[in-house]
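Asks: Here you go, model_4.tsv (TSV, C-alpha atoms):
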chain	number	residue	atom	x	y	z
A	489	MET	CA	67.90	120.75	147.54
A	490	HIS	CA	64.96	119.17	145.73
A	491	ARG	CA	63.32	122.56	145.29
A	492	ARG	CA	66.52	123.99	143.80
A	493	HIS	CA	66.69	121.11	141.29
A	494	VAL	CA	63.09	121.71	140.23
A	495	LYS	CA	63.84	125.37	139.71
A	496	SER	CA	66.83	124.49	137.55
A	497	VAL	CA	64.70	122.22	135.37
A	498	GLU	CA	62.08	124.93	135.05
A	499	MET	CA	64.71	127.42	133.91
A	500	LYS	CA	65.98	125.00	131.28
A	501	LEU	CA	62.49	124.42	129.97
A	502	LEU	CA	61.90	128.16	129.81
A	503	THR	CA	65.15	128.66	127.90
A	504	CYS	CA	64.12	125.98	125.40
A	505	LEU	CA	60.72	127.55	124.91
A	506	LEU	CA	62.24	130.98	124.37
A	507	SER	CA	64.66	129.65	121.78
A	508	LEU	CA	61.74	128.10	119.92
A	509	LEU	CA	60.01	131.46	119.87
A	510	VAL	CA	63.10	133.21	118.47
A	511	LEU	CA	63.82	130.72	115.70
A	512	PRO	CA	60.77	129.72	113.70
A	513	ALA	CA	60.73	126.00	113.20
A	514	ASP	CA	59.84	126.33	109.54
A	515	ALA	CA	62.55	128.85	108.60
A	516	ALA	CA	64.35	127.77	105.49
A	517	GLN	CA	67.18	129.11	103.38
A	518	THR	CA	68.13	129.15	99.77
A	519	ILE	CA	71.62	130.14	98.77
A	520	GLY	CA	73.16	131.23	95.52
A	521	HIS	CA	76.86	131.52	94.78
A	522	PHE	CA	78.32	134.19	92.59
A	523	ASN	CA	81.81	135.39	91.77
A	524	ILE	CA	83.21	138.85	92.17
A	525	THR	CA	85.76	139.46	89.46
A	526	VAL	CA	88.25	142.23	88.85
A	527	ASN	CA	91.20	142.71	86.57
A	528	PHE	CA	93.65	144.68	88.65
A	529	GLN	CA	96.08	146.82	86.78
A	530	SER	CA	98.89	148.05	88.96
A	531	GLU	CA	100.19	150.64	86.54
A	532	ALA	CA	98.42	152.94	84.24
A	533	ALA	CA	98.93	152.45	80.57
A	534	THR	CA	100.10	156.03	80.36
A	535	ALA	CA	102.46	155.78	83.31
A	536	GLN	CA	105.64	155.98	81.28
A	537	PRO	CA	107.10	158.48	81.17
A	538	THR	CA	105.46	160.10	84.17
A	539	THR	CA	107.32	163.34	84.01
A	540	SER	CA	110.08	165.17	82.26
A	541	ALA	CA	111.92	168.39	82.68
A	542	SER	CA	114.45	170.49	80.89
A	543	THR	CA	117.39	172.39	82.24
A	544	THR	CA	119.60	175.17	80.96
A	545	GLN	CA	122.77	174.06	82.75
A	546	SER	CA	125.13	171.85	80.90
A	547	THR	CA	128.53	171.72	82.57
A	548	THR	CA	127.86	171.83	86.28
A	549	SER	CA	127.96	168.71	88.35
A	550	THR	CA	124.47	169.10	89.72
A	551	VAL	CA	121.36	169.99	87.92
A	552	GLN	CA	118.44	170.72	90.16
A	553	SER	CA	115.06	170.52	88.65
A	554	ARG	CA	111.97	172.12	90.03
A	555	PRO	CA	109.87	169.88	92.27
A	556	VAL	CA	107.59	167.65	90.27
A	557	GLN	CA	104.44	166.12	91.65
A	558	THR	CA	104.11	162.87	89.80
A	559	LEU	CA	100.99	161.62	91.57
A	560	ARG	CA	102.30	158.11	91.44
A	561	PRO	CA	102.85	155.56	94.19
A	562	THR	CA	106.18	154.74	95.76
A	563	VAL	CA	108.61	153.63	93.13
A	564	SER	CA	110.37	150.35	93.44
A	565	SER	CA	112.66	151.02	90.56
A	566	ALA	CA	113.45	153.87	88.29
A	567	GLN	CA	115.06	154.16	84.94
A	568	PHE	CA	116.57	157.20	83.39
A	569	ALA	CA	117.07	157.90	79.79
A	570	THR	CA	118.97	160.73	78.28
A	571	GLY	CA	117.43	163.02	75.82
A	572	SER	CA	118.54	163.80	72.35
A	573	ILE	CA	121.26	166.33	73.22
A	574	ALA	CA	123.11	164.03	75.54
A	575	GLN	CA	122.90	161.23	73.03
A	576	ASN	CA	124.22	163.41	70.29
A	577	ASN	CA	127.28	164.28	72.33
A	578	ASN	CA	127.73	160.83	73.77
A	579	ARG	CA	127.09	162.16	77.25
A	580	TYR	CA	125.73	160.13	80.05
A	581	ILE	CA	124.36	160.50	83.56
A	582	ASN	CA	126.43	159.04	86.35
A	583	ARG	CA	123.79	159.01	88.97
A	584	ALA	CA	120.26	160.04	89.56
A	585	VAL	CA	118.36	160.29	92.80
A	586	VAL	CA	114.70	159.84	93.36
A	587	SER	CA	113.27	161.12	96.60
A	588	GLU	CA	110.15	159.61	98.02
A	589	GLU	CA	107.82	161.09	100.55
A	590	LEU	CA	104.60	159.66	101.90
A	591	GLY	CA	104.53	157.06	99.23
A	592	MET	CA	104.67	159.53	96.40
A	593	VAL	CA	107.50	160.79	94.31
A	594	THR	CA	107.43	164.42	95.26
A	595	TYR	CA	110.50	165.64	93.44
A	596	TRP	CA	113.51	164.44	91.58
A	597	HIS	CA	116.82	165.80	90.53
A	598	MET	CA	119.80	164.78	88.51
A	599	VAL	CA	123.41	164.95	89.54
A	600	ASN	CA	126.73	164.92	87.77
A	601	LEU	CA	125.55	165.57	84.33
A	602	HIS	CA	128.82	165.37	82.47
A	603	GLY	CA	129.44	167.76	79.70
A	604	GLY	CA	132.08	169.89	78.16
A	605	ASN	CA	132.14	173.55	77.41
A	606	ASN	CA	130.61	172.89	74.04
A	607	ASP	CA	127.51	171.28	75.47
A	608	PRO	CA	124.36	172.91	74.30
A	609	ASP	CA	122.50	174.74	76.95
A	610	HIS	CA	119.31	172.74	76.70
A	611	SER	CA	119.90	169.22	77.90
A	612	TYR	CA	116.82	167.14	78.23
A	613	LEU	CA	116.25	164.26	80.57
A	614	GLU	CA	113.30	161.99	80.87
A	615	MET	CA	112.54	159.95	83.94
A	616	LEU	CA	110.70	156.68	83.66
A	617	ILE	CA	109.16	155.21	86.74
A	618	GLY	CA	107.98	151.69	87.26
A	619	TRP	CA	106.52	150.01	90.31
B	1311	MET	CA	-15.54	95.80	79.02
B	1312	LYS	CA	-12.84	95.67	76.46
B	1313	LYS	CA	-12.71	99.41	76.40
B	1314	LEU	CA	-12.24	99.53	80.17
B	1315	SER	CA	-9.35	97.03	80.11
B	1316	ILE	CA	-7.34	99.08	77.65
B	1317	SER	CA	-7.86	102.21	79.69
B	1318	MET	CA	-6.70	100.53	82.88
B	1319	LEU	CA	-3.56	99.22	81.16
B	1320	THR	CA	-2.75	102.64	79.89
B	1321	ILE	CA	-2.85	103.99	83.40
B	1322	LEU	CA	-1.06	101.17	85.20
B	1323	ALA	CA	1.73	100.42	82.73
B	1324	PRO	CA	3.87	103.45	83.56
B	1325	LEU	CA	3.49	102.73	87.23
B	1326	ILE	CA	4.58	99.11	86.83
B	1327	PHE	CA	7.55	99.55	84.50
B	1328	ASN	CA	8.96	102.89	85.63
B	1329	ALA	CA	8.56	102.68	89.33
B	1330	PRO	CA	11.86	102.73	91.37
B	1331	ALA	CA	12.84	99.59	93.14
B	1332	ALA	CA	11.53	99.59	96.58
B	1333	ASN	CA	15.10	99.25	98.22
B	1334	ALA	CA	17.11	102.00	96.24
B	1335	ALA	CA	18.91	104.57	98.47
B	1336	ASN	CA	21.90	107.05	98.52
B	1337	VAL	CA	24.82	106.79	100.89
B	1338	SER	CA	27.48	109.52	101.19
B	1339	GLY	CA	30.72	109.64	103.05
B	1340	ASN	CA	32.87	112.71	103.77
B	1341	PHE	CA	36.64	112.67	103.58
B	1342	ASN	CA	39.34	115.30	103.86
B	1343	VAL	CA	42.07	116.01	101.38
B	1344	THR	CA	45.17	116.86	103.40
B	1345	VAL	CA	48.66	118.02	102.55
B	1346	THR	CA	51.51	119.69	104.34
B	1347	LEU	CA	53.15	122.21	102.08
B	1348	THR	CA	56.84	122.90	102.54
B	1349	SER	CA	57.46	126.34	101.10
B	1350	ILE	CA	60.59	126.50	98.99
B	1351	CYS	CA	62.56	128.98	96.96
B	1352	THR	CA	65.03	127.93	94.33
B	1353	MET	CA	67.66	130.22	92.91
B	1354	ALA	CA	68.85	130.23	89.34
B	1355	THR	CA	72.57	130.41	88.62
B	1356	VAL	CA	73.88	133.86	89.45
B	1357	GLY	CA	76.23	135.54	87.02
B	1358	ASP	CA	79.53	137.16	88.00
B	1359	LEU	CA	79.62	140.56	89.60
B	1360	ALA	CA	82.28	141.94	87.27
B	1361	PHE	CA	84.23	145.06	88.14
B	1362	GLY	CA	86.21	144.96	84.94
B	1363	THR	CA	89.62	146.62	85.06
B	1364	TYR	CA	90.70	148.71	88.03
B	1365	THR	CA	93.85	150.78	87.66
B	1366	ALA	CA	95.71	151.53	90.88
B	1367	PHE	CA	95.04	155.02	92.17
B	1368	GLN	CA	92.39	155.67	89.61
B	1369	THR	CA	90.58	158.87	90.35
B	1370	SER	CA	87.02	157.60	90.06
B	1371	ALA	CA	85.16	154.84	91.85
B	1372	LYS	CA	84.60	151.64	89.91
B	1373	THR	CA	81.08	150.33	89.58
B	1374	ALA	CA	80.50	146.69	88.79
B	1375	THR	CA	78.10	145.51	86.14
B	1376	ASN	CA	75.01	144.41	88.03
B	1377	THR	CA	74.04	140.78	88.19
B	1378	THR	CA	70.68	139.31	89.17
B	1379	ALA	CA	69.76	136.44	91.46
B	1380	THR	CA	66.30	135.26	90.52
B	1381	LEU	CA	64.33	133.17	92.97
B	1382	THR	CA	61.36	131.02	92.13
B	1383	CYS	CA	59.26	130.72	95.27
B	1384	THR	CA	56.12	129.30	96.73
B	1385	ARG	CA	53.36	131.82	96.22
B	1386	GLY	CA	52.71	134.36	98.92
B	1387	LEU	CA	55.84	133.96	101.00
B	1388	THR	CA	56.31	136.72	103.54
B	1389	GLY	CA	59.19	137.71	105.77
B	1390	VAL	CA	61.82	136.97	103.16
B	1391	THR	CA	65.25	138.33	104.14
B	1392	ALA	CA	68.62	138.38	102.44
B	1393	ALA	CA	72.23	138.42	103.60
B	1394	PHE	CA	75.70	137.85	102.20
B	1395	ASP	CA	78.14	135.28	103.51
B	1396	THR	CA	81.44	136.10	105.20
B	1397	ALA	CA	83.45	133.11	104.04
B	1398	ALA	CA	85.89	135.04	101.88
B	1399	PRO	CA	88.87	136.44	103.81
B	1400	GLY	CA	88.22	140.00	104.94
B	1401	SER	CA	84.58	139.94	103.89
B	1402	THR	CA	81.75	141.33	105.99
B	1403	ALA	CA	77.96	141.20	105.88
B	1404	ALA	CA	75.18	143.06	107.60
B	1405	ALA	CA	72.43	141.19	109.42
B	1406	ALA	CA	69.73	139.66	107.25
B	1407	ALA	CA	67.21	142.22	106.09
B	1408	THR	CA	65.08	143.03	103.09
B	1409	ASN	CA	68.24	144.01	101.22
B	1410	ALA	CA	71.62	142.38	101.72
B	1411	VAL	CA	74.63	144.58	102.43
B	1412	GLY	CA	78.23	143.44	102.43
B	1413	ALA	CA	81.83	144.32	101.74
B	1414	GLY	CA	85.07	142.59	100.96
B	1415	VAL	CA	88.54	142.74	99.52
B	1416	ILE	CA	89.82	141.38	96.23
B	1417	SER	CA	93.31	142.00	94.84
B	1418	GLY	CA	93.83	144.34	97.77
B	1419	LEU	CA	90.90	146.43	96.62
B	1420	GLN	CA	88.03	147.18	98.98
B	1421	TYR	CA	84.54	146.80	97.57
B	1422	ASP	CA	80.95	147.18	98.75
B	1423	ILE	CA	78.12	144.98	97.54
B	1424	LEU	CA	74.37	145.33	97.80
B	1425	ALA	CA	71.55	142.94	96.89
B	1426	THR	CA	68.33	144.86	96.44
B	1427	ALA	CA	65.04	143.01	96.51
B	1428	GLY	CA	63.15	143.74	93.33
B	1429	SER	CA	59.42	143.68	92.76
B	1430	VAL	CA	57.81	140.30	93.23
B	1431	THR	CA	56.05	138.97	90.18
B	1432	SER	CA	53.13	137.03	91.62
B	1433	GLY	CA	52.42	133.60	90.27
B	1434	THR	CA	49.01	132.30	89.35
B	1435	ALA	CA	46.83	130.14	91.57
B	1436	ALA	CA	46.34	126.52	90.78
B	1437	THR	CA	42.92	125.49	89.54
B	1438	ALA	CA	41.22	122.14	89.10
B	1439	SER	CA	42.72	121.97	85.66
B	1440	SER	CA	46.07	123.77	86.04
B	1441	ILE	CA	48.99	123.68	88.45
B	1442	GLY	CA	49.50	127.45	88.61
B	1443	THR	CA	52.84	129.24	88.61
B	1444	ALA	CA	55.35	130.38	91.22
B	1445	ASP	CA	56.22	133.82	92.48
B	1446	SER	CA	59.37	135.28	90.99
B	1447	ARG	CA	61.63	137.29	93.29
B	1448	PRO	CA	64.62	139.04	91.75
B	1449	TYR	CA	67.56	140.42	93.70
B	1450	ILE	CA	69.72	142.94	91.90
B	1451	ILE	CA	73.32	142.62	93.06
B	1452	SER	CA	75.45	145.71	92.60
B	1453	GLY	CA	78.97	146.60	93.68
B	1454	SER	CA	81.38	149.50	93.84
B	1455	MET	CA	85.06	150.02	94.54
B	1456	PRO	CA	86.19	153.35	95.98
B	1457	ALA	CA	88.69	155.40	94.01
B	1458	ASP	CA	92.38	155.93	94.81
B	1459	GLN	CA	93.16	152.40	95.99
B	1460	ALA	CA	96.68	150.99	95.75
B	1461	GLY	CA	95.59	147.36	95.47
B	1462	ALA	CA	97.89	144.37	95.81
B	1463	THR	CA	99.85	143.03	92.90
B	1464	SER	CA	98.02	140.25	91.14
B	1465	THR	CA	98.23	138.76	87.70
B	1466	GLY	CA	95.29	138.66	85.36
B	1467	ALA	CA	91.63	138.63	86.26
B	1468	GLN	CA	90.91	137.72	89.87
B	1469	SER	CA	87.79	135.97	91.12
B	1470	GLN	CA	86.30	135.66	94.60
B	1471	ALA	CA	83.29	133.51	95.50
B	1472	ARG	CA	80.50	135.12	97.53
B	1473	THR	CA	77.11	133.75	98.51
B	1474	LEU	CA	73.69	135.34	98.75
B	1475	ILE	CA	71.58	133.72	101.48
B	1476	ILE	CA	67.81	134.06	101.30
B	1477	THR	CA	65.85	133.15	104.43
B	1478	TYR	CA	62.10	132.66	104.50
As structure tokens, how would this structure be written, given the file I've shared?
Replies:
Amino acid sequence: MHRRHVKSVEMKLLTCLLSLLVLPADAAQTIGHFNITVNFQSEAATAQPTTSASTTQSTTSTVQSRPVQTLRPTVSSAQFATGSIAQNNNRYINRAVVSEELGMVTYWHMVNLHGGNNDPDHSYLEMLIGW
Amino acid sequence: MKKLSISMLTILAPLIFNAPAANAANVSGNFNVTVTLTSICTMATVGDLAFGTYTAFQTSAKTATNTTATLTCTRGLTGVTAAFDTAAPGSTAAAAATNAVGAGVISGLQYDILATAGSVTSGTAATASSIGTADSRPYIISGSMPADQAGATSTGAQSQARTLIITY
């Protein structure tokens, strides 16, 4: 029992000595604080409008545009504005759908573009995206 | 006879008046000048590591404008190492080494930082008539943000405190 106790004390002393060897007694530190700054801009200044397209159909209920890669993040809201032709004829868009895939707007299309037989063939729509 | 007396005086006078006292002696004592020097480095105020404006999903990495931490140290220090702190949420730091390496997140943007030890400008030794000058040790702190990051919405310029730790 006594021998075991002596061994335990020896081990403790050895541990202490080893710790002294690892950490120099005269090690000192000097610290300096500095700030990391950034001005995060969540939307590019040129983000609006991100894309536009023209169509030659004027009286059908659905106008399908070609897929448009906007290279923008997932939209949280979208606004649609009619182009000059629709404004001239007091036309409006009932509904527009934005499809999202993998966080990017990969295509868009417009539906129910009202118009009469006298509508010009070249309606123009512009999609504005904000996030 | 008179002639002899004058001659004798001429010879003896210097011996009588200039002779050292019979008990004059020198005594010397040695003593040591002792001091225990505690080596120290001080660091001047470190400027901001400014990334400027980062636009979400920008196509190129953003490099910060370098800032410098200048240390004034006891002459001849060796084994000086540097490391960054990890106090800021999400920040990391490599083990202390010649150059400090770290990373972090600000406004949802990942960044890497590096403190590179510059050339030491040696001070001058003290002399009996001058106190000498210290060594100057600069650390150039640089940073970069990878491109194509979404970030997290934040308003205005954001600031995050980091610390450079110099061990010697």
Asks: Would you pick out the contacts of Ala1407 in chain B at 7 Å or less, using all atoms listed in the file, so that residues sharing its chain but fewer than 5 positions from it are not included, and give the list as a ChimeraX atom specification?
Replies: /B:1391-1393
Asks: Could the residues in this selection be saved with C-alpha atoms as a PDB file, keeping the file's coordinate frame?
Replies:
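Wrote result_32.pdb, looks like this:
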ATOM      1  CA  THR B1391      65.250 138.330 104.140  1.00  0.00           C
ATOM      2  CA  ALA B1392      68.620 138.380 102.440  1.00  0.00           C
ATOM      3  CA  ALA B1393      72.230 138.420 103.600  1.00  0.00           C
TER       4      ALA B1393
END
Asks: What are the residues of chain A lining chain B at 7 Å or less? Count all atoms listed in the file, and put the answer as a PyMOL selection string.
Replies: chain A and resi 515-532
Asks: Which is closer to Tyr1449 in chain B than all the others in B:Gly1412, B:Gly1433, B:Gly1428, B:Gly1339, using all atoms listed in the file?
Replies: B:Gly1428
Asks: Please, what distance in Å, to one decimal, runs between CA of Lys1372 in chain B and CA of Met1455 in chain B?
Replies: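 Taking CA of Lys1372 in chain B as the start and CA of Met1455 in chain B as the end point, the length is 4.9 Å.
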Asks: If we count all atoms listed in the file, what is near Ala1435 in chain B at a cut-off of 12 Å, once residues fewer than 2 positions away on the same chain are taken out, given as a PyMOL selection string?
Replies: chain B and resi 1384-1386+1432-1433+1437-1445
Asks: Would you compute the distance between CA of Asn1376 in chain B and CA of Ala1425 in chain B? Give it in Å to one decimal.
Replies: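 Computing the Euclidean distance for CA of Asn1376 in chain B and CA of Ala1425 in chain B yields 9.6 Å.
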Asks: As an exercise, work out the distance from CA of Ala1427 in chain B to CA of Pro1448 in chain B in Å and give it to one decimal place.
Replies: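 Here the two named atoms are 6.2 Å from each other.
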